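Accompanying notes for the structure given below.
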Amino acid sequence: LQEFASVISRDSQMEKLAQEVLERIASSLVRTGYTPQQLFDRLDKDRNGALSRLELEEVIMSLQPDLTPSEREAVFRKLDMDNSGVVDLNEFHAAVQAVNAAPLVALEEKIRQLQLTFSDNGYGQYESFQAFDQNKDGTLSKEEWQAAVAALLPGLHSVDADAVFVRFDASGDGFLNLAEFTSFFQAVNAAPTKALEETIRLLQRSFSDNG
């Protein structure tokens, strides 16, 4: 039973990771102003109307180059809805469009704003966690998180602060442990997102140059 629960937990984590990669693809498309079909066409190198695992790697690895093969496979399965071994335009479009990207872009900006505020105040990851963990139980409750955010960034609405909390509460238990809090500083890193946006632009430029 314990082994079964472990498999379910691992599958759930893979599903969450795949969803996050999709969200970042959708967010980057919103920022660049390109459509899912434009990105699909640029990635479809052999022009066969379907994306292979290799063709999708360009997007997936530009977003998160440290993904393991099994994690990359989870992202591919998320897109390959009919389990055909390739991702067609309808599948790609449906997966990206299912993500409401505009609020995600806004949330990422709130997160970066918080990150900068923490850094400007000299707070590192561990130091911040220790300072915010008022009852010293090794986790941050929503109340402790809200208090920290209100003190550092009073202009941020409590609803936005709560959305950031939920975004990084990977276990969904209503608390942030040190690992989850650390991911707050690392997960929404502008570099991978900008790498994808640059990939989209380069692909678009290549297409234009080729007529």
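Ordering of the structure tokens sets the chain letters (A, B, ...); residue numbers start at 1 within each chain; ligands are numbered from 1 in the order shown.
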Pick out the residues sitting within 12 Å of stretch 106-121 of chain A, and hand them over as a PDB file with N, CA and C atoms, in the first residue's frame; count only C-alpha atoms, and ignore anything fewer than 6 positions along from it in its own chain.
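Result saved to result19.pdb:
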```pdb
ATOM      1  N   GLU A  23       2.316  25.929 -18.683  1.00  0.00           N
ATOM      2  CA  GLU A  23       1.971  27.290 -18.269  1.00  0.00           C
ATOM      3  C   GLU A  23       3.042  28.281 -18.715  1.00  0.00           C
ATOM      4  N   ARG A  24       4.296  27.858 -18.652  1.00  0.00           N
ATOM      5  CA  ARG A  24       5.375  28.754 -19.041  1.00  0.00           C
ATOM      6  C   ARG A  24       5.421  28.942 -20.554  1.00  0.00           C
ATOM      7  N   SER A  27       2.562  31.363 -21.193  1.00  0.00           N
ATOM      8  CA  SER A  27       2.918  32.707 -20.731  1.00  0.00           C
ATOM      9  C   SER A  27       3.884  33.387 -21.696  1.00  0.00           C
ATOM     10  N   SER A  28       4.847  32.615 -22.207  1.00  0.00           N
ATOM     11  CA  SER A  28       5.813  33.180 -23.149  1.00  0.00           C
ATOM     12  C   SER A  28       5.137  33.590 -24.449  1.00  0.00           C
ATOM     13  N   VAL A  30       2.077  34.663 -24.696  1.00  0.00           N
ATOM     14  CA  VAL A  30       1.372  35.913 -24.397  1.00  0.00           C
ATOM     15  C   VAL A  30       2.339  37.084 -24.473  1.00  0.00           C
ATOM     16  N   ARG A  31       3.537  36.907 -23.906  1.00  0.00           N
ATOM     17  CA  ARG A  31       4.510  38.007 -23.891  1.00  0.00           C
ATOM     18  C   ARG A  31       5.001  38.356 -25.300  1.00  0.00           C
ATOM     19  N   ASN A 100      -4.944  29.455 -18.908  1.00  0.00           N
ATOM     20  CA  ASN A 100      -5.316  30.878 -18.914  1.00  0.00           C
ATOM     21  C   ASN A 100      -4.062  31.675 -18.594  1.00  0.00           C
ATOM     22  N   GLU A 127      17.782  32.823   5.271  1.00  0.00           N
ATOM     23  CA  GLU A 127      17.547  33.893   6.249  1.00  0.00           C
ATOM     24  C   GLU A 127      16.092  34.353   6.232  1.00  0.00           C
ATOM     25  N   SER A 128      15.537  34.467   5.033  1.00  0.00           N
ATOM     26  CA  SER A 128      14.135  34.874   4.909  1.00  0.00           C
ATOM     27  C   SER A 128      13.223  33.864   5.581  1.00  0.00           C
ATOM     28  N   PHE A 129      13.470  32.595   5.310  1.00  0.00           N
ATOM     29  CA  PHE A 129      12.619  31.548   5.879  1.00  0.00           C
ATOM     30  C   PHE A 129      12.661  31.593   7.401  1.00  0.00           C
ATOM     31  N   ALA A 131      13.416  34.102   9.317  1.00  0.00           N
ATOM     32  CA  ALA A 131      12.804  35.325   9.830  1.00  0.00           C
ATOM     33  C   ALA A 131      11.280  35.260   9.774  1.00  0.00           C
ATOM     34  N   PHE A 132      10.745  34.645   8.717  1.00  0.00           N
ATOM     35  CA  PHE A 132       9.292  34.619   8.534  1.00  0.00           C
ATOM     36  C   PHE A 132       8.616  33.524   9.360  1.00  0.00           C
ATOM     37  N   TRP A 145       3.196  33.855   6.046  1.00  0.00           N
ATOM     38  CA  TRP A 145       3.531  34.353   4.716  1.00  0.00           C
ATOM     39  C   TRP A 145       2.894  35.717   4.469  1.00  0.00           C
ATOM     40  N   ALA A 148       4.667  38.446   6.372  1.00  0.00           N
ATOM     41  CA  ALA A 148       5.972  38.795   5.798  1.00  0.00           C
ATOM     42  C   ALA A 148       5.798  39.656   4.560  1.00  0.00           C
ATOM     43  N   VAL A 149       4.881  39.259   3.695  1.00  0.00           N
ATOM     44  CA  VAL A 149       4.643  40.005   2.458  1.00  0.00           C
ATOM     45  C   VAL A 149       4.107  41.399   2.771  1.00  0.00           C
ATOM     46  N   ALA A 150       3.191  41.492   3.728  1.00  0.00           N
ATOM     47  CA  ALA A 150       2.615  42.789   4.094  1.00  0.00           C
ATOM     48  C   ALA A 150       3.676  43.739   4.627  1.00  0.00           C
ATOM     49  N   ALA A 151       4.657  43.203   5.357  1.00  0.00           N
ATOM     50  CA  ALA A 151       5.717  44.037   5.922  1.00  0.00           C
ATOM     51  C   ALA A 151       6.692  44.505   4.849  1.00  0.00           C
ATOM     52  N   LEU A 152       7.003  43.612   3.889  1.00  0.00           N
ATOM     53  CA  LEU A 152       8.000  43.937   2.873  1.00  0.00           C
ATOM     54  C   LEU A 152       7.419  44.656   1.662  1.00  0.00           C
ATOM     55  N   LEU A 153       6.198  44.307   1.302  1.00  0.00           N
ATOM     56  CA  LEU A 153       5.579  44.864   0.105  1.00  0.00           C
ATOM     57  C   LEU A 153       4.114  45.183   0.407  1.00  0.00           C
ATOM     58  N   PRO A 154       3.880  46.214   1.180  1.00  0.00           N
ATOM     59  CA  PRO A 154       2.513  46.527   1.611  1.00  0.00           C
ATOM     60  C   PRO A 154       1.562  46.843   0.464  1.00  0.00           C
ATOM     61  N   GLY A 155       2.087  47.204  -0.690  1.00  0.00           N
ATOM     62  CA  GLY A 155       1.215  47.530  -1.815  1.00  0.00           C
ATOM     63  C   GLY A 155       0.648  46.312  -2.525  1.00  0.00           C
ATOM     64  N   LEU A 156       1.172  45.112  -2.196  1.00  0.00           N
ATOM     65  CA  LEU A 156       0.690  43.895  -2.847  1.00  0.00           C
ATOM     66  C   LEU A 156      -0.591  43.426  -2.165  1.00  0.00           C
ATOM     67  N   HIS A 157      -1.635  43.253  -2.955  1.00  0.00           N
ATOM     68  CA  HIS A 157      -2.927  42.838  -2.412  1.00  0.00           C
ATOM     69  C   HIS A 157      -2.809  41.453  -1.781  1.00  0.00           C
ATOM     70  N   SER A 158      -3.549  41.237  -0.701  1.00  0.00           N
ATOM     71  CA  SER A 158      -3.487  39.959   0.003  1.00  0.00           C
ATOM     72  C   SER A 158      -3.905  38.791  -0.894  1.00  0.00           C
ATOM     73  N   VAL A 159      -4.806  39.055  -1.837  1.00  0.00           N
ATOM     74  CA  VAL A 159      -5.231  38.004  -2.773  1.00  0.00           C
ATOM     75  C   VAL A 159      -4.054  37.562  -3.644  1.00  0.00           C
ATOM     76  N   ASP A 160      -3.249  38.532  -4.089  1.00  0.00           N
ATOM     77  CA  ASP A 160      -2.071  38.210  -4.897  1.00  0.00           C
ATOM     78  C   ASP A 160      -1.037  37.455  -4.065  1.00  0.00           C
ATOM     79  N   ALA A 161      -0.848  37.883  -2.824  1.00  0.00           N
ATOM     80  CA  ALA A 161       0.099  37.209  -1.933  1.00  0.00           C
ATOM     81  C   ALA A 161      -0.332  35.765  -1.700  1.00  0.00           C
ATOM     82  N   ASP A 162      -1.634  35.563  -1.546  1.00  0.00           N
ATOM     83  CA  ASP A 162      -2.157  34.215  -1.339  1.00  0.00           C
ATOM     84  C   ASP A 162      -1.968  33.361  -2.587  1.00  0.00           C
ATOM     85  N   ALA A 163      -2.138  33.963  -3.773  1.00  0.00           N
ATOM     86  CA  ALA A 163      -1.952  33.238  -5.028  1.00  0.00           C
ATOM     87  C   ALA A 163      -0.512  32.766  -5.176  1.00  0.00           C
ATOM     88  N   VAL A 164       0.436  33.599  -4.774  1.00  0.00           N
ATOM     89  CA  VAL A 164       1.849  33.223  -4.820  1.00  0.00           C
ATOM     90  C   VAL A 164       2.097  32.052  -3.865  1.00  0.00           C
ATOM     91  N   PHE A 165       1.509  32.132  -2.673  1.00  0.00           N
ATOM     92  CA  PHE A 165       1.655  31.054  -1.680  1.00  0.00           C
ATOM     93  C   PHE A 165       1.180  29.729  -2.252  1.00  0.00           C
ATOM     94  N   VAL A 166      -0.016  29.742  -2.817  1.00  0.00           N
ATOM     95  CA  VAL A 166      -0.605  28.521  -3.374  1.00  0.00           C
ATOM     96  C   VAL A 166       0.254  27.980  -4.516  1.00  0.00           C
ATOM     97  N   ARG A 167       0.809  28.899  -5.319  1.00  0.00           N
ATOM     98  CA  ARG A 167       1.647  28.502  -6.457  1.00  0.00           C
ATOM     99  C   ARG A 167       2.845  27.668  -6.006  1.00  0.00           C
ATOM    100  N   PHE A 168       3.409  27.969  -4.838  1.00  0.00           N
ATOM    101  CA  PHE A 168       4.613  27.281  -4.391  1.00  0.00           C
ATOM    102  C   PHE A 168       4.367  26.232  -3.317  1.00  0.00           C
ATOM    103  N   PHE A 181       9.790  26.918  -0.151  1.00  0.00           N
ATOM    104  CA  PHE A 181      10.113  28.348  -0.067  1.00  0.00           C
ATOM    105  C   PHE A 181      11.309  28.675  -0.951  1.00  0.00           C
ATOM    106  N   THR A 182      12.299  27.770  -0.969  1.00  0.00           N
ATOM    107  CA  THR A 182      13.471  27.970  -1.822  1.00  0.00           C
ATOM    108  C   THR A 182      13.065  28.017  -3.288  1.00  0.00           C
ATOM    109  N   SER A 183      12.081  27.182  -3.657  1.00  0.00           N
ATOM    110  CA  SER A 183      11.625  27.176  -5.049  1.00  0.00           C
ATOM    111  C   SER A 183      11.012  28.509  -5.437  1.00  0.00           C
ATOM    112  N   PHE A 184      10.526  29.259  -4.446  1.00  0.00           N
ATOM    113  CA  PHE A 184      10.001  30.598  -4.711  1.00  0.00           C
ATOM    114  C   PHE A 184      11.073  31.486  -5.328  1.00  0.00           C
ATOM    115  N   PHE A 185      12.315  31.336  -4.856  1.00  0.00           N
ATOM    116  CA  PHE A 185      13.416  32.147  -5.366  1.00  0.00           C
ATOM    117  C   PHE A 185      13.953  31.613  -6.696  1.00  0.00           C
ATOM    118  N   GLN A 186      13.675  30.345  -6.979  1.00  0.00           N
ATOM    119  CA  GLN A 186      14.317  29.704  -8.128  1.00  0.00           C
ATOM    120  C   GLN A 186      13.376  29.395  -9.283  1.00  0.00           C
ATOM    121  N   ALA A 187      12.148  28.974  -8.985  1.00  0.00           N
ATOM    122  CA  ALA A 187      11.262  28.441 -10.031  1.00  0.00           C
ATOM    123  C   ALA A 187      10.880  29.471 -11.069  1.00  0.00           C
ATOM    124  N   VAL A 188      10.515  30.657 -10.642  1.00  0.00           N
ATOM    125  CA  VAL A 188      10.141  31.699 -11.602  1.00  0.00           C
ATOM    126  C   VAL A 188      11.382  32.523 -11.910  1.00  0.00           C
ATOM    127  N   ASN A 189      12.280  31.870 -12.623  1.00  0.00           N
ATOM    128  CA  ASN A 189      13.538  32.488 -13.017  1.00  0.00           C
ATOM    129  C   ASN A 189      13.348  33.061 -14.415  1.00  0.00           C
ATOM    130  N   ALA A 190      13.647  34.321 -14.577  1.00  0.00           N
ATOM    131  CA  ALA A 190      13.397  34.973 -15.866  1.00  0.00           C
ATOM    132  C   ALA A 190      14.216  34.356 -16.991  1.00  0.00           C
ATOM    133  N   THR A 193      12.474  31.513 -19.129  1.00  0.00           N
ATOM    134  CA  THR A 193      11.354  32.083 -19.866  1.00  0.00           C
ATOM    135  C   THR A 193      11.859  32.950 -21.011  1.00  0.00           C
TER     136      THR A 193
END
```
Set the distance at 9 Å and use only C-alpha atoms: which residues neighbour A:Val87 once local chain neighbours fewer than 4 positions away are removed? I'd like the list as a list in words.
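Close residues of A:Val87: Gly49, Ala50, Leu51, Ser52, Arg53, Leu56, Phe76, Leu79, Asp80, Met81, Asp82, Asn83, Glu91 and Phe92 of chain A.
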Those residues with N, CA and C atoms, as a CSV table (one decimal), in the first residue's frame please?
```csv
chain,number,residue,atom,x,y,z
A,49,GLY,N,3.2,18.1,-40.0
A,49,GLY,CA,2.0,18.4,-39.3
A,49,GLY,C,1.9,17.7,-37.9
A,50,ALA,N,3.0,17.3,-37.4
A,50,ALA,CA,3.1,16.7,-36.1
A,50,ALA,C,4.4,16.9,-35.5
A,51,LEU,N,4.5,17.0,-34.2
A,51,LEU,CA,5.7,17.3,-33.4
A,51,LEU,C,6.2,16.0,-32.8
A,52,SER,N,7.4,15.6,-33.1
A,52,SER,CA,8.0,14.4,-32.5
A,52,SER,C,8.6,14.8,-31.1
A,53,ARG,N,9.0,13.9,-30.4
A,53,ARG,CA,9.7,14.1,-29.1
A,53,ARG,C,10.9,15.1,-29.3
A,56,LEU,N,9.9,18.7,-29.9
A,56,LEU,CA,9.4,19.3,-28.7
A,56,LEU,C,10.5,19.6,-27.7
A,76,PHE,N,5.7,15.4,-22.5
A,76,PHE,CA,5.3,15.0,-23.9
A,76,PHE,C,3.9,14.3,-23.7
A,79,LEU,N,1.0,16.5,-23.6
A,79,LEU,CA,0.6,17.1,-24.9
A,79,LEU,C,0.1,16.0,-25.9
A,80,ASP,N,0.6,14.8,-25.8
A,80,ASP,CA,0.2,13.7,-26.7
A,80,ASP,C,-1.1,13.1,-26.2
A,81,MET,N,-2.2,13.8,-26.3
A,81,MET,CA,-3.5,13.4,-25.7
A,81,MET,C,-4.0,12.0,-26.2
A,82,ASP,N,-3.7,11.7,-27.5
A,82,ASP,CA,-4.3,10.4,-28.0
A,82,ASP,C,-3.2,9.3,-27.9
A,83,ASN,N,-2.1,9.6,-27.3
A,83,ASN,CA,-1.0,8.6,-27.1
A,83,ASN,C,-0.6,8.0,-28.5
A,91,GLU,N,-3.8,19.0,-30.8
A,91,GLU,CA,-3.4,18.7,-29.4
A,91,GLU,C,-2.6,19.8,-28.8
A,92,PHE,N,-1.6,20.3,-29.6
A,92,PHE,CA,-0.8,21.4,-29.1
A,92,PHE,C,-1.6,22.6,-28.8
```
Could you tell me how far atom CA of A:Gln19 lies from atom CA of A:Leu178, in Å and to one decimal?
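Atom-to-atom, atom CA of A:Gln19 and atom CA of A:Leu178 are spaced 22.5 Å apart.
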Please identify which residues in stretch 4-205 of chain A DSSP calls strand (DSSP E) from the backbone, and express them as a JSON list (two decimals) with N, CA and C atoms, in the first residue's frame.
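Written out: selection.json:
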```json
[["chain", "number", "residue", "atom", "x", "y", "z"],
["A", 50, "ALA", "N", 3.03, 17.26, -37.43],
["A", 50, "ALA", "CA", 3.06, 16.67, -36.09],
["A", 50, "ALA", "C", 4.43, 16.92, -35.48],
["A", 51, "LEU", "N", 4.46, 17.04, -34.15],
["A", 51, "LEU", "CA", 5.71, 17.27, -33.45],
["A", 51, "LEU", "C", 6.18, 15.97, -32.80],
["A", 87, "VAL", "N", 2.63, 14.79, -31.43],
["A", 87, "VAL", "CA", 1.68, 15.82, -31.01],
["A", 87, "VAL", "C", 1.25, 16.60, -32.25],
["A", 88, "ASP", "N", -0.05, 16.51, -32.58],
["A", 88, "ASP", "CA", -0.52, 17.26, -33.75],
["A", 88, "ASP", "C", -0.93, 18.67, -33.34],
["A", 140, "LEU", "N", 6.13, 27.60, 6.96],
["A", 140, "LEU", "CA", 5.45, 28.89, 6.93],
["A", 140, "LEU", "C", 3.97, 28.65, 6.70],
["A", 141, "SER", "N", 3.15, 29.13, 7.62],
["A", 141, "SER", "CA", 1.71, 29.08, 7.41],
["A", 141, "SER", "C", 1.31, 30.22, 6.49],
["A", 175, "PHE", "N", 1.02, 24.79, 3.90],
["A", 175, "PHE", "CA", 2.24, 25.32, 4.52],
["A", 175, "PHE", "C", 3.37, 25.29, 3.49],
["A", 176, "LEU", "N", 4.35, 26.18, 3.67],
["A", 176, "LEU", "CA", 5.55, 26.15, 2.85],
["A", 176, "LEU", "C", 6.70, 25.63, 3.70]]
```
